[in-house]
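Participant: So I've got this file, protein-v1.cif, and it contains mmCIF, N, CA and C atoms and all ligand atoms:
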```cif
data_entry
#
loop_
_atom_site.label_atom_id
_atom_site.label_comp_id
_atom_site.auth_asym_id
_atom_site.auth_seq_id
_atom_site.Cartn_x
_atom_site.Cartn_y
_atom_site.Cartn_z
N MET Y 13 0.85 -1.20 0.00
CA MET Y 13 0.00 0.00 0.00
C MET Y 13 0.88 1.24 0.00
N ILE Y 14 0.38 2.28 -0.62
CA ILE Y 14 1.12 3.53 -0.68
C ILE Y 14 0.13 4.66 -0.43
N VAL Y 15 0.54 5.63 0.34
CA VAL Y 15 -0.35 6.75 0.63
C VAL Y 15 0.13 7.97 -0.12
N PHE Y 16 -0.82 8.66 -0.76
CA PHE Y 16 -0.50 9.89 -1.45
C PHE Y 16 -1.23 11.06 -0.79
N ASP Y 17 -0.57 12.17 -0.72
CA ASP Y 17 -1.25 13.41 -0.37
C ASP Y 17 -1.82 13.95 -1.67
N LEU Y 18 -3.13 14.04 -1.72
CA LEU Y 18 -3.77 14.56 -2.92
C LEU Y 18 -4.35 15.92 -2.62
N GLN Y 19 -4.56 16.67 -3.69
CA GLN Y 19 -4.98 18.04 -3.51
C GLN Y 19 -6.06 18.38 -4.53
N CYS Y 20 -7.12 18.98 -4.03
CA CYS Y 20 -8.15 19.49 -4.93
C CYS Y 20 -7.88 20.97 -5.11
N ARG Y 21 -8.92 21.79 -5.24
CA ARG Y 21 -8.71 23.23 -5.31
C ARG Y 21 -8.30 23.72 -3.93
N ASP Y 22 -7.86 24.96 -3.85
CA ASP Y 22 -7.39 25.49 -2.58
C ASP Y 22 -8.46 25.44 -1.50
N GLU Y 23 -9.73 25.63 -1.88
CA GLU Y 23 -10.79 25.66 -0.88
C GLU Y 23 -10.95 24.31 -0.19
N CYS Y 24 -10.65 23.24 -0.92
CA CYS Y 24 -10.84 21.91 -0.36
C CYS Y 24 -9.62 21.45 0.42
N GLY Y 25 -8.50 21.92 0.00
CA GLY Y 25 -7.28 21.52 0.70
C GLY Y 25 -6.78 20.15 0.27
N ALA Y 26 -5.87 19.63 1.05
CA ALA Y 26 -5.25 18.34 0.71
C ALA Y 26 -5.91 17.22 1.49
N PHE Y 27 -5.84 16.02 0.93
CA PHE Y 27 -6.35 14.85 1.64
C PHE Y 27 -5.45 13.67 1.31
N GLU Y 28 -5.56 12.63 2.12
CA GLU Y 28 -4.74 11.45 1.91
C GLU Y 28 -5.57 10.35 1.27
N ALA Y 29 -4.95 9.58 0.40
CA ALA Y 29 -5.62 8.44 -0.20
C ALA Y 29 -4.64 7.30 -0.34
N TRP Y 30 -5.16 6.09 -0.12
CA TRP Y 30 -4.32 4.89 -0.20
C TRP Y 30 -4.53 4.17 -1.52
N PHE Y 31 -3.43 3.70 -2.09
CA PHE Y 31 -3.49 2.91 -3.32
C PHE Y 31 -2.55 1.74 -3.20
N GLY Y 32 -2.82 0.72 -4.04
CA GLY Y 32 -1.95 -0.45 -4.00
C GLY Y 32 -0.56 -0.14 -4.50
N SER Y 33 -0.50 0.81 -5.46
CA SER Y 33 0.78 1.17 -6.05
C SER Y 33 0.61 2.50 -6.76
N ASN Y 34 1.71 3.05 -7.22
CA ASN Y 34 1.64 4.28 -8.00
C ASN Y 34 0.85 4.05 -9.29
N ALA Y 35 1.05 2.88 -9.90
CA ALA Y 35 0.35 2.55 -11.14
C ALA Y 35 -1.16 2.50 -10.91
N GLU Y 36 -1.55 1.96 -9.76
CA GLU Y 36 -2.98 1.88 -9.44
C GLU Y 36 -3.58 3.27 -9.28
N TYR Y 37 -2.79 4.15 -8.65
CA TYR Y 37 -3.25 5.52 -8.53
C TYR Y 37 -3.45 6.14 -9.91
N GLU Y 38 -2.44 5.99 -10.79
CA GLU Y 38 -2.51 6.57 -12.13
C GLU Y 38 -3.74 6.05 -12.88
N GLU Y 39 -3.98 4.75 -12.74
CA GLU Y 39 -5.10 4.10 -13.41
C GLU Y 39 -6.43 4.66 -12.92
N GLN Y 40 -6.58 4.70 -11.59
CA GLN Y 40 -7.83 5.20 -11.01
C GLN Y 40 -8.01 6.68 -11.29
N HIS Y 41 -6.90 7.40 -11.28
CA HIS Y 41 -6.98 8.84 -11.52
C HIS Y 41 -7.43 9.12 -12.94
N SER Y 42 -6.83 8.41 -13.91
CA SER Y 42 -7.20 8.67 -15.31
C SER Y 42 -8.60 8.15 -15.61
N ALA Y 43 -9.08 7.18 -14.83
CA ALA Y 43 -10.44 6.68 -15.01
C ALA Y 43 -11.46 7.55 -14.27
N GLY Y 44 -10.97 8.61 -13.60
CA GLY Y 44 -11.87 9.52 -12.89
C GLY Y 44 -12.44 8.92 -11.63
N LEU Y 45 -11.72 7.98 -11.04
CA LEU Y 45 -12.22 7.32 -9.83
C LEU Y 45 -11.66 7.94 -8.55
N VAL Y 46 -10.69 8.85 -8.72
CA VAL Y 46 -10.12 9.49 -7.54
C VAL Y 46 -10.87 10.81 -7.32
N GLN Y 47 -11.61 10.86 -6.24
CA GLN Y 47 -12.47 12.01 -5.99
C GLN Y 47 -12.03 12.79 -4.77
N CYS Y 48 -12.26 14.09 -4.85
CA CYS Y 48 -12.07 14.93 -3.68
C CYS Y 48 -13.17 14.61 -2.68
N PRO Y 49 -12.83 14.32 -1.43
CA PRO Y 49 -13.86 13.97 -0.44
C PRO Y 49 -14.75 15.15 -0.07
N VAL Y 50 -14.33 16.36 -0.42
CA VAL Y 50 -15.11 17.54 -0.05
C VAL Y 50 -16.14 17.86 -1.13
N CYS Y 51 -15.68 18.00 -2.37
CA CYS Y 51 -16.60 18.44 -3.43
C CYS Y 51 -16.83 17.36 -4.49
N GLN Y 52 -16.28 16.18 -4.28
CA GLN Y 52 -16.44 15.06 -5.21
C GLN Y 52 -15.88 15.32 -6.60
N SER Y 53 -15.10 16.37 -6.74
CA SER Y 53 -14.46 16.63 -8.03
C SER Y 53 -13.40 15.58 -8.29
N THR Y 54 -13.25 15.22 -9.56
CA THR Y 54 -12.18 14.28 -9.91
C THR Y 54 -10.95 15.04 -10.40
N ASP Y 55 -11.04 16.38 -10.33
CA ASP Y 55 -9.92 17.21 -10.76
C ASP Y 55 -8.94 17.37 -9.60
N VAL Y 56 -8.33 16.26 -9.22
CA VAL Y 56 -7.38 16.30 -8.11
C VAL Y 56 -6.00 15.96 -8.63
N ARG Y 57 -5.02 16.37 -7.91
CA ARG Y 57 -3.64 16.07 -8.29
C ARG Y 57 -2.84 15.75 -7.04
N LYS Y 58 -1.69 15.19 -7.27
CA LYS Y 58 -0.82 14.88 -6.14
C LYS Y 58 -0.28 16.17 -5.54
N ALA Y 59 -0.37 16.27 -4.24
CA ALA Y 59 0.20 17.42 -3.55
C ALA Y 59 1.71 17.23 -3.51
N PRO Y 60 2.43 18.35 -3.45
CA PRO Y 60 3.89 18.19 -3.32
C PRO Y 60 4.21 17.36 -2.09
N MET Y 61 5.13 16.43 -2.26
CA MET Y 61 5.49 15.54 -1.16
C MET Y 61 6.06 16.33 0.00
N ALA Y 62 5.51 16.10 1.16
CA ALA Y 62 6.06 16.72 2.36
C ALA Y 62 7.37 16.02 2.69
N PRO Y 63 8.36 16.78 3.10
CA PRO Y 63 9.62 16.12 3.49
C PRO Y 63 9.37 15.18 4.66
N SER Y 64 9.99 14.01 4.59
CA SER Y 64 9.67 12.97 5.57
C SER Y 64 10.56 13.05 6.81
N VAL Y 65 10.93 14.25 7.19
CA VAL Y 65 11.71 14.40 8.42
C VAL Y 65 10.76 14.72 9.57
N PRO Y 66 11.09 14.27 10.76
CA PRO Y 66 10.22 14.59 11.90
C PRO Y 66 10.09 16.09 12.08
N LYS Y 67 8.90 16.53 12.49
CA LYS Y 67 8.67 17.96 12.64
C LYS Y 67 9.52 18.53 13.77
N LYS Y 68 9.57 17.80 14.87
CA LYS Y 68 10.41 18.23 15.98
C LYS Y 68 11.50 17.20 16.16
N SER Y 69 12.69 17.66 16.47
CA SER Y 69 13.73 16.67 16.79
C SER Y 69 13.37 16.03 18.12
N GLY Y 70 13.66 14.77 18.24
CA GLY Y 70 13.30 14.06 19.47
C GLY Y 70 11.96 13.37 19.34
N ASP Y 71 11.34 13.50 18.18
CA ASP Y 71 10.07 12.82 17.92
C ASP Y 71 10.33 11.43 17.36
N GLY Y 72 9.44 10.54 17.61
CA GLY Y 72 9.48 9.26 16.92
C GLY Y 72 10.34 8.22 17.60
N ALA Y 73 10.07 6.97 17.23
CA ALA Y 73 10.73 5.84 17.88
C ALA Y 73 12.22 5.81 17.59
N ILE Y 74 12.61 6.13 16.37
CA ILE Y 74 14.02 6.07 15.99
C ILE Y 74 14.82 7.07 16.82
N ALA Y 75 14.27 8.29 16.95
CA ALA Y 75 14.96 9.32 17.71
C ALA Y 75 15.12 8.90 19.17
N LYS Y 76 14.07 8.28 19.71
CA LYS Y 76 14.12 7.83 21.11
C LYS Y 76 15.18 6.75 21.27
N LEU Y 77 15.20 5.85 20.29
CA LEU Y 77 16.16 4.75 20.29
C LEU Y 77 17.58 5.31 20.20
N ALA Y 78 17.76 6.30 19.34
CA ALA Y 78 19.08 6.91 19.16
C ALA Y 78 19.54 7.57 20.45
N ALA Y 79 18.62 8.22 21.15
CA ALA Y 79 18.95 8.88 22.41
C ALA Y 79 19.33 7.84 23.46
N LEU Y 80 18.57 6.75 23.47
CA LEU Y 80 18.82 5.66 24.41
C LEU Y 80 20.19 5.05 24.16
N GLN Y 81 20.48 4.84 22.89
CA GLN Y 81 21.76 4.24 22.52
C GLN Y 81 22.91 5.17 22.87
N GLY Y 82 22.72 6.47 22.68
CA GLY Y 82 23.73 7.46 23.02
C GLY Y 82 24.05 7.40 24.51
N GLU Y 83 23.01 7.25 25.31
CA GLU Y 83 23.14 7.12 26.77
C GLU Y 83 23.94 5.85 27.10
N LEU Y 84 23.59 4.79 26.39
CA LEU Y 84 24.20 3.47 26.59
C LEU Y 84 25.70 3.50 26.27
N LEU Y 85 26.06 4.27 25.25
CA LEU Y 85 27.43 4.24 24.76
C LEU Y 85 28.29 5.36 25.34
N LYS Y 86 27.67 6.17 26.23
CA LYS Y 86 28.37 7.33 26.79
C LYS Y 86 29.69 6.90 27.45
N ASN Y 87 29.64 5.80 28.18
CA ASN Y 87 30.83 5.33 28.89
C ASN Y 87 31.49 4.16 28.18
N SER Y 88 31.14 4.00 26.92
CA SER Y 88 31.66 2.88 26.18
C SER Y 88 32.72 3.37 25.20
N ARG Y 89 33.76 2.55 25.00
CA ARG Y 89 34.85 2.96 24.13
C ARG Y 89 34.69 2.29 22.77
N TRP Y 90 34.84 3.07 21.69
CA TRP Y 90 34.77 2.52 20.34
C TRP Y 90 36.07 1.79 20.05
N VAL Y 91 35.98 0.49 19.72
CA VAL Y 91 37.19 -0.26 19.41
C VAL Y 91 37.19 -0.78 17.97
N GLY Y 92 36.13 -0.40 17.25
CA GLY Y 92 36.09 -0.72 15.81
C GLY Y 92 36.26 -2.21 15.54
N ASP Y 93 37.15 -2.52 14.60
CA ASP Y 93 37.34 -3.91 14.18
C ASP Y 93 38.04 -4.75 15.23
N GLU Y 94 38.55 -4.10 16.29
CA GLU Y 94 39.23 -4.84 17.37
C GLU Y 94 38.22 -5.42 18.35
N PHE Y 95 36.93 -5.23 18.05
CA PHE Y 95 35.90 -5.58 19.03
C PHE Y 95 36.01 -7.03 19.51
N THR Y 96 36.07 -7.95 18.57
CA THR Y 96 36.07 -9.37 18.94
C THR Y 96 37.26 -9.70 19.84
N GLU Y 97 38.46 -9.25 19.44
CA GLU Y 97 39.67 -9.52 20.23
C GLU Y 97 39.57 -8.86 21.60
N THR Y 98 39.10 -7.60 21.63
CA THR Y 98 39.00 -6.86 22.89
C THR Y 98 38.02 -7.53 23.84
N ALA Y 99 36.85 -7.90 23.32
CA ALA Y 99 35.83 -8.52 24.16
C ALA Y 99 36.33 -9.85 24.72
N ARG Y 100 37.03 -10.61 23.87
CA ARG Y 100 37.54 -11.91 24.29
C ARG Y 100 38.65 -11.74 25.35
N ALA Y 101 39.54 -10.78 25.10
CA ALA Y 101 40.64 -10.54 26.04
C ALA Y 101 40.11 -10.11 27.40
N MET Y 102 39.07 -9.27 27.39
CA MET Y 102 38.48 -8.82 28.66
C MET Y 102 37.84 -10.00 29.37
N HIS Y 103 37.16 -10.83 28.57
CA HIS Y 103 36.49 -11.99 29.13
C HIS Y 103 37.51 -12.91 29.79
N LEU Y 104 38.68 -13.02 29.20
CA LEU Y 104 39.72 -13.92 29.71
C LEU Y 104 40.56 -13.26 30.79
N GLY Y 105 40.24 -11.98 31.09
CA GLY Y 105 40.96 -11.28 32.14
C GLY Y 105 42.33 -10.81 31.70
N GLU Y 106 42.59 -10.80 30.39
CA GLU Y 106 43.90 -10.38 29.89
C GLU Y 106 44.04 -8.86 29.93
N ILE Y 107 42.93 -8.18 29.78
CA ILE Y 107 42.95 -6.72 29.89
C ILE Y 107 41.82 -6.27 30.82
N GLU Y 108 41.88 -5.01 31.20
CA GLU Y 108 40.91 -4.46 32.14
C GLU Y 108 39.51 -4.47 31.55
N GLN Y 109 38.54 -4.80 32.41
CA GLN Y 109 37.15 -4.81 31.97
C GLN Y 109 36.65 -3.39 31.71
N GLN Y 110 36.04 -3.18 30.63
CA GLN Y 110 35.38 -1.90 30.38
C GLN Y 110 34.33 -2.11 29.29
N GLN Y 111 33.47 -1.12 29.20
CA GLN Y 111 32.43 -1.24 28.18
C GLN Y 111 32.98 -0.79 26.84
N VAL Y 112 32.88 -1.63 25.86
CA VAL Y 112 33.37 -1.28 24.53
C VAL Y 112 32.30 -1.58 23.50
N HIS Y 113 32.40 -0.91 22.38
CA HIS Y 113 31.55 -1.27 21.27
C HIS Y 113 32.37 -1.15 19.98
N GLY Y 114 31.95 -1.90 18.99
CA GLY Y 114 32.70 -1.89 17.74
C GLY Y 114 32.05 -2.81 16.72
N ASN Y 115 32.82 -3.14 15.73
CA ASN Y 115 32.30 -3.97 14.65
C ASN Y 115 32.54 -5.44 14.92
N ALA Y 116 31.54 -6.24 14.62
CA ALA Y 116 31.72 -7.68 14.65
C ALA Y 116 30.83 -8.27 13.58
N THR Y 117 31.35 -9.26 12.90
CA THR Y 117 30.51 -9.96 11.94
C THR Y 117 29.59 -10.88 12.72
N LEU Y 118 28.58 -11.38 12.05
CA LEU Y 118 27.65 -12.30 12.68
C LEU Y 118 28.41 -13.53 13.21
N GLU Y 119 29.37 -13.99 12.41
CA GLU Y 119 30.18 -15.15 12.80
C GLU Y 119 30.96 -14.87 14.08
N GLN Y 120 31.58 -13.68 14.13
CA GLN Y 120 32.36 -13.29 15.30
C GLN Y 120 31.47 -13.19 16.53
N ALA Y 121 30.30 -12.57 16.37
CA ALA Y 121 29.37 -12.42 17.49
C ALA Y 121 28.93 -13.79 17.99
N LYS Y 122 28.68 -14.70 17.04
CA LYS Y 122 28.26 -16.06 17.41
C LYS Y 122 29.34 -16.76 18.20
N SER Y 123 30.59 -16.65 17.73
CA SER Y 123 31.68 -17.35 18.41
C SER Y 123 31.93 -16.76 19.79
N LEU Y 124 31.73 -15.45 19.93
CA LEU Y 124 31.85 -14.82 21.25
C LEU Y 124 30.79 -15.37 22.18
N ALA Y 125 29.56 -15.43 21.69
CA ALA Y 125 28.45 -15.93 22.50
C ALA Y 125 28.70 -17.38 22.92
N GLU Y 126 29.26 -18.17 21.99
CA GLU Y 126 29.55 -19.57 22.30
C GLU Y 126 30.60 -19.69 23.39
N ASP Y 127 31.51 -18.72 23.44
CA ASP Y 127 32.56 -18.74 24.46
C ASP Y 127 32.10 -18.08 25.76
N GLY Y 128 30.83 -17.67 25.80
CA GLY Y 128 30.29 -17.09 27.01
C GLY Y 128 30.64 -15.63 27.20
N VAL Y 129 31.10 -14.98 26.13
CA VAL Y 129 31.42 -13.56 26.22
C VAL Y 129 30.11 -12.77 26.04
N PRO Y 130 29.77 -11.93 27.04
CA PRO Y 130 28.50 -11.22 26.92
C PRO Y 130 28.58 -10.11 25.87
N VAL Y 131 27.90 -10.30 24.75
CA VAL Y 131 27.82 -9.27 23.72
C VAL Y 131 26.36 -9.06 23.37
N ALA Y 132 26.02 -7.86 22.98
CA ALA Y 132 24.66 -7.54 22.59
C ALA Y 132 24.69 -6.67 21.35
N PRO Y 133 23.85 -6.97 20.40
CA PRO Y 133 23.80 -6.10 19.22
C PRO Y 133 23.21 -4.75 19.60
N LEU Y 134 23.69 -3.70 18.96
CA LEU Y 134 23.13 -2.37 19.20
C LEU Y 134 21.89 -2.20 18.34
N PRO Y 135 20.92 -1.45 18.88
CA PRO Y 135 19.68 -1.26 18.10
C PRO Y 135 19.89 -0.49 16.80
N LEU Y 136 20.86 0.42 16.80
CA LEU Y 136 21.09 1.23 15.60
C LEU Y 136 22.56 1.14 15.20
N PRO Y 137 22.83 1.27 13.90
CA PRO Y 137 24.24 1.28 13.50
C PRO Y 137 24.95 2.50 14.07
N VAL Y 138 26.20 2.32 14.42
CA VAL Y 138 26.99 3.39 15.00
C VAL Y 138 27.94 3.93 13.95
N THR Y 139 28.06 5.23 13.89
CA THR Y 139 29.05 5.81 12.99
C THR Y 139 30.39 5.80 13.70
N PRO Y 140 31.39 5.12 13.14
CA PRO Y 140 32.70 5.12 13.79
C PRO Y 140 33.22 6.53 13.95
N PRO Y 141 33.87 6.83 15.09
CA PRO Y 141 34.34 8.20 15.33
C PRO Y 141 35.22 8.72 14.19
N SER Y 142 35.95 7.81 13.54
CA SER Y 142 36.83 8.25 12.46
C SER Y 142 36.04 8.77 11.26
N GLN Y 143 34.74 8.41 11.19
CA GLN Y 143 33.93 8.87 10.07
C GLN Y 143 33.04 10.05 10.42
N VAL Y 144 33.10 10.47 11.68
CA VAL Y 144 32.32 11.62 12.09
C VAL Y 144 33.11 12.89 11.81
N ASN Y 145 32.50 13.81 11.12
CA ASN Y 145 33.21 15.04 10.81
C ASN Y 145 33.13 16.03 11.97
ZN ZN H 201 -12.61 19.49 -3.80
#
```
What's the structure tokens form of this structure?
Facilitator:
Amino acid sequence: MIVFDLQCRDECGAFEAWFGSNAEYEEQHSAGLVQCPVCQSTDVRKAPMAPSVPKKSGDGAIAKLAALQGELLKNSRWVGDEFTETARAMHLGEIEQQQVHGNATLEQAKSLAEDGVPVAPLPLPVTPPSQVN
């Protein structure tokens, strides 16, 4: 399903309509089946797409998750590709315990879990500090 913002004349304003696809919309529109809910006119067109960014920062589940993750990683050190070795070394007591995060392949994460090393996937991908401008 796809939702379009459609627009009649200015007096009617914009309204939303659901279609199976863009092609279905085009088909129904050219067949005169897409009507303005206010004046029943079929002279409607697609409204300019509203930008899909949240109106306020801090809105939405992703933003909440990002904030939560930021809190989680505040005291965590980025170790990048060294993650697997670092986590294993800490687990074996070879280096000091601390919270770290970094890259691990699914295979690496699996082998860590099998060895009893506590690892958890992060809810969101992390931008490595070296890539942050
Ligand atoms: Zn209308």
Participant: List as a PyMOL selection string the protein and nucleic acid residues lying within 6 Å of ligand ZN 201 (chain H), with all atoms listed in the file counted.
Facilitator: chain Y and resi 20-21+24+48-53
Participant: Quick one: distance from atom N of Leu124 in chain Y to CA of His103 in chain Y in Å, one decimal?
Facilitator: 10.9 Å
Participant: In terms of the shortest atom-to-atom distance over only C-alpha atoms, which of Y:Glu106, Y:Glu39, Y:Asp17, Y:Glu83 is closest to Pro60 in chain Y?
Facilitator: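 Using only C-alpha atoms, Pro60 in chain Y sits closest to Y:Asp17.
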Participant: So that I can check the surroundings of range 109-117 of chain Y, please list as a PDB file with N, CA and C atoms, in the frame of the given file every protein, DNA and RNA residue that reaches within 6 Å of it, counting only N, CA and C atoms and ignoring chain neighbours fewer than 3 positions away.
Facilitator:
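Result went into part05.pdb, see below:
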```
ATOM      1  N   ASN Y  87      29.640   5.800  28.180  1.00  0.00           N
ATOM      2  CA  ASN Y  87      30.830   5.330  28.890  1.00  0.00           C
ATOM      3  C   ASN Y  87      31.490   4.160  28.180  1.00  0.00           C
ATOM      4  N   SER Y  88      31.140   4.000  26.920  1.00  0.00           N
ATOM      5  CA  SER Y  88      31.660   2.880  26.180  1.00  0.00           C
ATOM      6  C   SER Y  88      32.720   3.370  25.200  1.00  0.00           C
ATOM      7  N   ARG Y  89      33.760   2.550  25.000  1.00  0.00           N
ATOM      8  CA  ARG Y  89      34.850   2.960  24.130  1.00  0.00           C
ATOM      9  C   ARG Y  89      34.690   2.290  22.770  1.00  0.00           C
ATOM     10  N   TRP Y  90      34.840   3.070  21.690  1.00  0.00           N
ATOM     11  CA  TRP Y  90      34.770   2.520  20.340  1.00  0.00           C
ATOM     12  C   TRP Y  90      36.070   1.790  20.050  1.00  0.00           C
ATOM     13  N   VAL Y  91      35.980   0.490  19.720  1.00  0.00           N
ATOM     14  CA  VAL Y  91      37.190  -0.260  19.410  1.00  0.00           C
ATOM     15  C   VAL Y  91      37.190  -0.780  17.970  1.00  0.00           C
ATOM     16  N   GLY Y  92      36.130  -0.400  17.250  1.00  0.00           N
ATOM     17  CA  GLY Y  92      36.090  -0.720  15.810  1.00  0.00           C
ATOM     18  C   GLY Y  92      36.260  -2.210  15.540  1.00  0.00           C
ATOM     19  N   ASP Y  93      37.150  -2.520  14.600  1.00  0.00           N
ATOM     20  CA  ASP Y  93      37.340  -3.910  14.180  1.00  0.00           C
ATOM     21  C   ASP Y  93      38.040  -4.750  15.230  1.00  0.00           C
ATOM     22  N   GLU Y  94      38.550  -4.100  16.290  1.00  0.00           N
ATOM     23  CA  GLU Y  94      39.230  -4.840  17.370  1.00  0.00           C
ATOM     24  C   GLU Y  94      38.220  -5.420  18.350  1.00  0.00           C
ATOM     25  N   PHE Y  95      36.930  -5.230  18.050  1.00  0.00           N
ATOM     26  CA  PHE Y  95      35.900  -5.580  19.030  1.00  0.00           C
ATOM     27  C   PHE Y  95      36.010  -7.030  19.510  1.00  0.00           C
ATOM     28  N   THR Y  96      36.070  -7.950  18.570  1.00  0.00           N
ATOM     29  CA  THR Y  96      36.070  -9.370  18.940  1.00  0.00           C
ATOM     30  C   THR Y  96      37.260  -9.700  19.840  1.00  0.00           C
ATOM     31  N   MET Y 102      39.070  -9.270  27.390  1.00  0.00           N
ATOM     32  CA  MET Y 102      38.480  -8.820  28.660  1.00  0.00           C
ATOM     33  C   MET Y 102      37.840 -10.000  29.370  1.00  0.00           C
ATOM     34  N   GLN Y 120      31.580 -13.680  14.130  1.00  0.00           N
ATOM     35  CA  GLN Y 120      32.360 -13.290  15.300  1.00  0.00           C
ATOM     36  C   GLN Y 120      31.470 -13.190  16.530  1.00  0.00           C
ATOM     37  N   ALA Y 121      30.300 -12.570  16.370  1.00  0.00           N
ATOM     38  CA  ALA Y 121      29.370 -12.420  17.490  1.00  0.00           C
ATOM     39  C   ALA Y 121      28.930 -13.790  17.990  1.00  0.00           C
ATOM     40  N   LYS Y 122      28.680 -14.700  17.040  1.00  0.00           N
ATOM     41  CA  LYS Y 122      28.260 -16.060  17.410  1.00  0.00           C
ATOM     42  C   LYS Y 122      29.340 -16.760  18.200  1.00  0.00           C
TER      43      LYS Y 122
END
```
Participant: Residues of chain Y classed as helix (DSSP H, G or I) by DSSP on the backbone are to be reported as a PyMOL selection string.
Facilitator: chain Y and resi 34-42+72-84+95-103+118-126+141-143
Participant: For the atom pair atom N of Met13 in chain Y and atom N of Phe31 in chain Y, what is the interatomic distance in Å to one decimal place?
Facilitator: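 Value for the atom N of Met13 in chain Y-atom N of Phe31 in chain Y distance: 6.8 Å.
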Participant: Please return as a list in words: the residues of chain Y that backbone DSSP assigns to strand (DSSP E or B).
Facilitator: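 Going through chain Y, the strand (DSSP E or B) residues come out as Ile14, Val15, Phe16, Asp17, Leu18, Gln19, Ala26, Phe27, Glu28, Ala29, Trp30, Phe31, Arg57, Lys58, Arg89, Trp90, Val91, Gly92, Val112, His113 and Gly114 of chain Y.
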Participant: Could you work out how far CA of Thr54 in chain Y lies from CA of Gln40 in chain Y, giving the answer in Å with one decimal?
Facilitator: 10.1 Å
